[in-house]
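To start, the structure itself, in structure tokens.
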Amino acid sequence: MRPFKYTRVSDANAAARAVTANPNAEFLAGGTNILDLMKEDVERPNELVDLTRLNLADIKAGPNGGVTIGALAKNTDTANHPLIRKSYPLLTQAILAGASGQLRNMATNGGNLMQRTRCQYFYDTAMPCNKREPGTGCGAREGLNRIHAIFGWSEKCVATYPGDMANALYALEAQVRVRNASGRERSIPIVDFHRLPGDTPEKDNNLERGELIVAIDLPKSNFANNYYYLKVRDRASYAFALVAVAAALDMDGGRIRQARVVMGSVAHKPWRSREAEAALSGKPASEQTFRSASEAALAGAKPLAHNAYKIELGKRAVVRALMRAARLI
Amino acid sequence: MARYIGKEINRVDGVAKVTGRAKYAAEFRAPNLAYGFIVLGTVAKGTIKSIDTRDAEAAAGVIRIFTHLNAPKLGPKASHEQAPPRATEEQDKSFRALQSDRIFFNMQPVALVVAETYEQARYAARLVKVSYNAEKHTTDTEAVRDRGRFPSQGPPPKPRGNPEEAMKIAPVKIEAEYRIPIEHHNPMEPHAAVAVWQGDRLTMFDKSQEVYNVRKHLASSFNIPEANVQVISPYVGGAFGSSLRPNYYPALTAMAAREVRRPVKIVYTRTQMFTGHGHRPYTIQKVALGAERSGKLTAMVHEALHNTSTFEEFSDNTTGFTRQVYACPNLYAPQRITNTDLSTPTWMRAPGAVSGMFALESAMDELAYALKIDPLELRLINYAEKDPESGKPFSSKALRECYRLGAEKFGWKDRKFEPRSMRDGRLLVGWGTATGIWGAFQMPATARITFKANGTAHVASATSDIGPGTYTVITIIAAEYLGLKPEQVEFELGDSNFPRAPAQGGSWTTASVGSAVHGAALAITARLLEFANRDANSPLRGAAAADVEMLDGRLQLKNDTARFVNTAELMKRNGLGEITETFEAKPSQERRNYATLAHGAQFIEVKVDPDIGQVRVTRAIEVTACGRIINPKASHSQEIGGVVWGIGMALQEATEIDHRFGRIMNPNLQHYHVPVHADVHMIETIFVEEDDTVVNPLGVKGMGELGMVGIPAAIANAVFHATGKRIRDLPITPDKLL
């Protein structure tokens with residue numbers, strides 16, 4: 001790989017300062033994605049700022065009945081933490097659906113949010129890709145796009161966000177807490193964290209240069225009883241989703257008080273369907289209700305040449321996930 | 001009777017492998033080693049316009065950069081292709097790196113950076129700038145299917161009977177087209193070479209299935225005698241056909257080493273493997289079957305077409321075994337190939353057979369449903385009692401017993417005929433079957449045994465062990481016939497200084513090399529008897545070699561073990577520290593009077609989630625008849641591995657090409673899927689042993705390929721039974737089942 005400078009920091013402000021100071025610096029946490037991308041010459045930082053010695057791995061009860069998970073907590077530790085298992089089992093399910101045991105042991109929560117698309121054209125530096133190299137075109141738009149987006153894509157980019165954990169975080173309305181070089185913190189509602197590609201697909205998210213994710217704040221949840229994370233993929237494990245659904249229901253007997261429906265691997269960001277949620281709210285939990293919600297969820301989908309199946313699959317996956325969440329099957 | 005043959009024996013190389021003591025090609029070191037990194041091209045066809053290596057040459061640690069402009073020309077090609085199942089000598093037209101400005105395929109090597117470290121070489125490789133005069137390319141086999149031609153090697157296809165007429169009048173017929181994508185072997189170990197020159201002598205550490213072929217290839221490349229080249233390949237971390245041919249990297253490594261006057265190592269990256277060793281070709285097959293209402297086949301037409309490269313011909317003989325599976329008087333099974341601007345395909349586990357049987361055995365299932373006859377029953381109705389192609393008897397064929405036993409173990413009698421008629425809760429259950437077939441091949445092979453007075457033996461042959469357990473099986477055979485314990489036998493392989501052995505391919509190694517070791521052991525026995533009988537008072541006086549055997553330090557009469565001589569004393573008396581015998585085993589004349597095949601029956605259960613198109617192979621029963629089983633432990637592993645690969649081929653594996661660029665877009669294990677543990681459920685493999693005295697002295701047949709041959713079809717048939725959907729294009733991914 002290309003030579004780079006390795007910088008070790010001991011506090012978050014110093015980390016943010018280091019990356020702010022050098023436009024070609026990147027943060028390094030678990031390294032499960034960025035190191036691969038550097039070997040493939042997709043990411044070309046000249047400096048890596050190692051965060052692994054920062055004290056940001058705590059998972060603890062937060063204010064107002066919520067839970068705060070440190071950005072550097074490992075995926076495995078997060079999924080299995082008693083507070084998460086008890087109050088946010090949807091998050092546990094989503095994390096455990098991702099990657100492999102070995103990768104989850106290395107991957108951090110902050111890094112998980114930062115992982116980049118698995119579009120084949122993004123990975124091959126000989127191919128056009130506006131995300132990797134703005135202005136070169138989108139290889140997948142008219143190419144192999146079976147695994148690509150059906151929502152929110154642009155002519156510049158049809159890639160998807162590949163992760164599982166974030167789909168659950170969207171459903172749980174998490175806040176991403178970030179800190180900049182001057183030590184100022186702000187919270188970004190997760191739904192505003194990732195971006196749609198538009199004309200700037202090179203930007204995956206709305207972080208400012210140098211901003212460091214320090215924690216993910218989960219609000220008090222009413223979704224600990226009725227939830228399901230469904231991941232449909234080409235093999236049973238260690239594959240990215242064709243379609244994933246994070247479904248959560250707040251039930252009042254047989255009626256749905258409130259619902260969350262987030263689809264994964266269908267867009268450049270986790271795709272929360274407020275239309276589906278509206279179709280569920282106040283309705284009795286039934287297959288019929290879920291079918292109308294699934295129609296609403298996929299209504300705006302625009303398929304590419306090779307991924308029209310995701311519309312039908314998406315509908316079925318939404319129904320299945322809701323049926324499981326409602327414990328009807 | 002046998003002490004070790006037929007017993008479960010742990011791998012003799014197991015400890016070395018799990019402790020890291022076993023050395024693979026990339027692990028060999030040489031003083032002053034330099035590292036090469038290959039630069040791959042980015043167009044599918046054309047010529048190299050220019051190469052700018054200035055930045056790369058200025059990078060730290062770079063020793064030399066080779067391109068077609070400065071790389072020495074390699075010598076005339078004298079190596080050969082050895083084509084399973086029938087060896088044919090053919091002028092080698094294989095691709096060699098950096099020999100001209102011509103681009104034959106995307107991801108073709110266009111430069112080699114040699115540096116002090118691997119990291120420096122890899123970094124500098126990124127700085128090499130290449131521009132091309134691109135030409136219009138064709139990488140899509142579908143687009144050139146009308147340009148199919150018969151391979152120039154081998155006999156032209158000849159119909160049996162009158163298939164056209166028979167098909168016309170058949171009361172029941174089906175016709176369908178099947179497709180298999182390009183697939184890649186993806187062994188765990190990346191291909192690697194370390195080249196060390198001393199004057200005009202070359203030592204090459206390589207990952208190879210045939211060290212003799214690599215030796216010949218290198219000798220002709222550098223115009224030096226074969227005796228000057230030693231190829232060493234003691235361990236291979238899986239190859240599956242990807243190391244049958246020399247590939248381009250060993251000569252490239254040796255060329256660089258000679259030029260920089262230092263040992264050089266090259267290791268493929270995973271991505272480089274995708275154009276560095278061949279692939280299973282993209283195969284389009286049309287199968288038409290005609291039958292009487294009773295189910296009796298009256299006509300079979302099986303036409304296959306697959307890609308080859310523009311610079312050489314390759315055929316995996318997709319339809320070869322179709323001629324020998326079922327009794328049918330009228331048959332036409334031609335194979336065609338068509339040129340594409342891709343690298344040359346090669347043999348990949350069960351080459352041709354698994355592709356051909358996917359189509360044929362899917363078609364048999366379709367015919368069963370057209371006839372409303374149980375799919376297993378249909379196969380029994382058309383059981384071939386003698387070879388339908390030659391009319392010769394089979395040397396042995398226990399396929400009927402495989403069907404019977406498999407059906408019984410599986411519970412086939414409880415199968416409901418109609419698709420979508422079996423359920424497990426929300427899941428659709430499907431049961432499918434298929435037949436497996438492979439040849440019982442034997443190739444000439446030589447082995448050397450040195451039997452020592454201290455009661456140990458050293459055995460050597462230039463074969464390979466790419467994972468099936470050759471180290472162990474040969475040790476067992478030697479121990480058996482030398483009357484030693486396995487731990488008293490040391491077997492070495494993978495060195496071109498050892499006696500010649502064929503490529504480890506075609507599932508013929510145990511039949512070939514095992515027979516040579518058996519022969520050498522008998523030669524040792526005969527030598528000892530000769531020495532014993534020089535003594536007038538020998539208790540074995542008058543015995544013929546066939547009457548005696550070696551056992552635990554004795555040479556004894558088989559039918560009167562009280563008459564023996566102590567071998568250690570015998571050798572001491574004759575002043576012998578050791579005796580060495582070298583034996584070449586060749587296929588017998590008798591084999592020609594028979595058809596020699598191995599068979600199997602596979603029974604598969606799938607559970608399909610019809611809402612989301614997810615298929616799980618929940619049960620696999622595989623019964624194979626492949627002669628005598630030397631080491632059941634490793635043999636079961638082989639067949640289990642075959643089933644797992646069959647699951648991958650049926651449900652997951654596909655090399656994807658963007659034909660606009662003619663470029664493979666998933667050359668990595670992230671996007672190229674093979675089964676993970678969670679995809680593998682219950683697998684039971686059973687052997688029906690055959691007592692075959694014709695195939696070879698050991699009575700063994702090939703099994704490595706056999707284990708996967710019927711699996712993809714059986715899975716596809718089970719998916720049809722579960723869902724009513726006939727998927728004719730592999731792999732069967734969820735989107736195809738919605």
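Labeling convention for the structure tokens: chains A, B, ... as they appear, residues from 1 per chain, ligands from 1 in order of appearance.
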Based on DSSP run over this structure's backbone, return all residues of stretch 71-273 of chain A in strand (DSSP E or B), as a PyMOL selection string.
chain A and resi 74+108+129+138+154+157+175-179+185-189+194+205+212-218+226-233+241-252+255-264+271-272
Please identify every residue of chain A that has at least one atom no more than 8 Å from any atom of chain B, counting only C-alpha atoms, and report them as a list of chain:residue names.
A:Met1, A:Arg2, A:Pro3, A:Gln120, A:Tyr121, A:Asp124, A:Ala126, A:Gly143, A:Leu144, A:Val232, A:Arg233, A:Asp234, A:Arg235, A:Ala236, A:Ser237, A:Tyr238, A:Ala239, A:Tyr309, A:Lys310, A:Glu312, A:Leu313, A:Arg316, A:Ala317
Could you take the residues named above and write them with C-alpha atoms, as a PDB file, in the first residue's frame?
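Final file, result-v2.pdb:
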```
ATOM      1  CA  MET A   1       0.000   0.000   0.000  1.00  0.00           C
ATOM      2  CA  ARG A   2       0.944   3.631  -0.185  1.00  0.00           C
ATOM      3  CA  PRO A   3       3.187   4.922   2.576  1.00  0.00           C
ATOM      4  CA  GLN A 120     -17.930  -3.605  -7.078  1.00  0.00           C
ATOM      5  CA  TYR A 121     -17.130  -0.546  -9.169  1.00  0.00           C
ATOM      6  CA  ASP A 124     -11.995  -1.582  -8.612  1.00  0.00           C
ATOM      7  CA  ALA A 126      -9.746   0.561 -13.023  1.00  0.00           C
ATOM      8  CA  GLY A 143     -23.602  -2.204 -15.466  1.00  0.00           C
ATOM      9  CA  LEU A 144     -23.891  -4.968 -12.889  1.00  0.00           C
ATOM     10  CA  VAL A 232     -32.104 -11.675   3.105  1.00  0.00           C
ATOM     11  CA  ARG A 233     -28.822 -12.561   1.474  1.00  0.00           C
ATOM     12  CA  ASP A 234     -27.182 -14.892  -1.012  1.00  0.00           C
ATOM     13  CA  ARG A 235     -25.821 -17.183   1.680  1.00  0.00           C
ATOM     14  CA  ALA A 236     -26.632 -17.894   5.290  1.00  0.00           C
ATOM     15  CA  SER A 237     -23.881 -15.808   6.830  1.00  0.00           C
ATOM     16  CA  TYR A 238     -21.048 -13.449   5.984  1.00  0.00           C
ATOM     17  CA  ALA A 239     -22.755 -11.779   3.046  1.00  0.00           C
ATOM     18  CA  TYR A 309     -36.536  -8.206  -7.748  1.00  0.00           C
ATOM     19  CA  LYS A 310     -35.723  -6.039  -4.727  1.00  0.00           C
ATOM     20  CA  GLU A 312     -41.043  -7.727  -4.566  1.00  0.00           C
ATOM     21  CA  LEU A 313     -38.437  -9.075  -2.164  1.00  0.00           C
ATOM     22  CA  ARG A 316     -42.218  -9.701   1.296  1.00  0.00           C
ATOM     23  CA  ALA A 317     -39.383  -8.951   3.689  1.00  0.00           C
TER      24      ALA A 317
END
```
10 Å contact set for B:Arg96, only C-alpha atoms, chain neighbours under 4 positions out, as a list in words:
Lys73, Leu74, Lys77, Ser100, Gln108, Pro109, Ser221, Asn247, Tyr248, Tyr249, Pro250, Ala251 and Leu252 of chain B
Export of prior selection with N, CA and C atoms as an mmCIF file, in the first residue's frame:
```cif
data_model
loop_
_atom_site.group_PDB
_atom_site.id
_atom_site.type_symbol
_atom_site.label_atom_id
_atom_site.label_comp_id
_atom_site.auth_asym_id
_atom_site.auth_seq_id
_atom_site.Cartn_x
_atom_site.Cartn_y
_atom_site.Cartn_z
ATOM 1 N N LYS B 73 12.608 -12.627 -24.173
ATOM 2 C CA LYS B 73 11.650 -13.549 -24.779
ATOM 3 C C LYS B 73 11.900 -14.949 -24.220
ATOM 4 N N LEU B 74 10.823 -15.599 -23.909
ATOM 5 C CA LEU B 74 10.940 -16.974 -23.422
ATOM 6 C C LEU B 74 11.059 -17.911 -24.604
ATOM 7 N N LYS B 77 7.713 -22.903 -27.034
ATOM 8 C CA LYS B 77 6.920 -23.671 -26.097
ATOM 9 C C LYS B 77 7.003 -25.155 -26.414
ATOM 10 N N SER B 100 4.675 -9.600 -25.505
ATOM 11 C CA SER B 100 4.369 -8.682 -26.605
ATOM 12 C C SER B 100 3.465 -7.576 -26.084
ATOM 13 N N GLN B 108 -4.830 -8.803 -17.613
ATOM 14 C CA GLN B 108 -3.640 -9.514 -18.091
ATOM 15 C C GLN B 108 -2.413 -8.819 -17.505
ATOM 16 N N PRO B 109 -1.379 -9.584 -17.127
ATOM 17 C CA PRO B 109 -0.176 -8.918 -16.602
ATOM 18 C C PRO B 109 0.486 -8.060 -17.678
ATOM 19 N N SER B 221 11.247 -22.719 -21.596
ATOM 20 C CA SER B 221 11.186 -21.257 -21.514
ATOM 21 C C SER B 221 12.578 -20.644 -21.525
ATOM 22 N N ASN B 247 0.686 -22.292 -15.618
ATOM 23 C CA ASN B 247 0.286 -20.894 -15.408
ATOM 24 C C ASN B 247 1.435 -19.955 -15.797
ATOM 25 N N TYR B 248 1.154 -18.667 -15.818
ATOM 26 C CA TYR B 248 2.182 -17.754 -16.341
ATOM 27 C C TYR B 248 3.210 -17.321 -15.308
ATOM 28 N N TYR B 249 2.870 -17.451 -14.012
ATOM 29 C CA TYR B 249 3.747 -16.818 -13.013
ATOM 30 C C TYR B 249 5.071 -17.542 -12.749
ATOM 31 N N PRO B 250 5.182 -18.876 -12.877
ATOM 32 C CA PRO B 250 6.498 -19.468 -12.601
ATOM 33 C C PRO B 250 7.575 -18.994 -13.585
ATOM 34 N N ALA B 251 7.242 -18.960 -14.882
ATOM 35 C CA ALA B 251 8.240 -18.499 -15.854
ATOM 36 C C ALA B 251 8.546 -17.024 -15.644
ATOM 37 N N LEU B 252 7.522 -16.247 -15.276
ATOM 38 C CA LEU B 252 7.728 -14.823 -15.016
ATOM 39 C C LEU B 252 8.670 -14.636 -13.823
#
```
Near-B:Arg54 list (10 Å; only C-alpha atoms; drop same-chain fewer than 4 positions) as a ChimeraX atom specification
/B:58-59,65,127-129
Fewer than 5 positions away in the same chain doesn't count, so skip those; otherwise give me all residues within 7 Å of A:Leu91, counting only C-alpha atoms, as a list in words.
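Here the answer would be Ala79, Met165, Ala168 and Leu169 of chain A.
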Using the selection just defined, write its residues with N, CA and C atoms as a short mmCIF file (atom, residue, chain, number, x, y, z; two decimals), in the first residue's frame.
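Below is the file that was written, out-v6.cif:
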```cif
data_model
loop_
_atom_site.label_atom_id
_atom_site.label_comp_id
_atom_site.auth_asym_id
_atom_site.auth_seq_id
_atom_site.Cartn_x
_atom_site.Cartn_y
_atom_site.Cartn_z
N ALA A 79 -23.51 -5.75 21.03
CA ALA A 79 -24.64 -6.65 20.79
C ALA A 79 -24.97 -7.46 22.04
N MET A 165 -26.11 -2.69 11.40
CA MET A 165 -26.30 -2.03 12.67
C MET A 165 -27.09 -0.72 12.51
N ALA A 168 -30.95 -0.72 12.39
CA ALA A 168 -31.61 -0.75 13.70
C ALA A 168 -31.52 0.62 14.37
N LEU A 169 -30.38 1.28 14.26
CA LEU A 169 -30.23 2.60 14.88
C LEU A 169 -31.22 3.61 14.30
#
```
Could you pull the residues within 12 Å of A:Ala293, counting only C-alpha atoms, minus those fewer than 6 positions along the same chain, as a PyMOL selection string?
chain A and resi 247+259-262+273-281+283-287+299+314-323
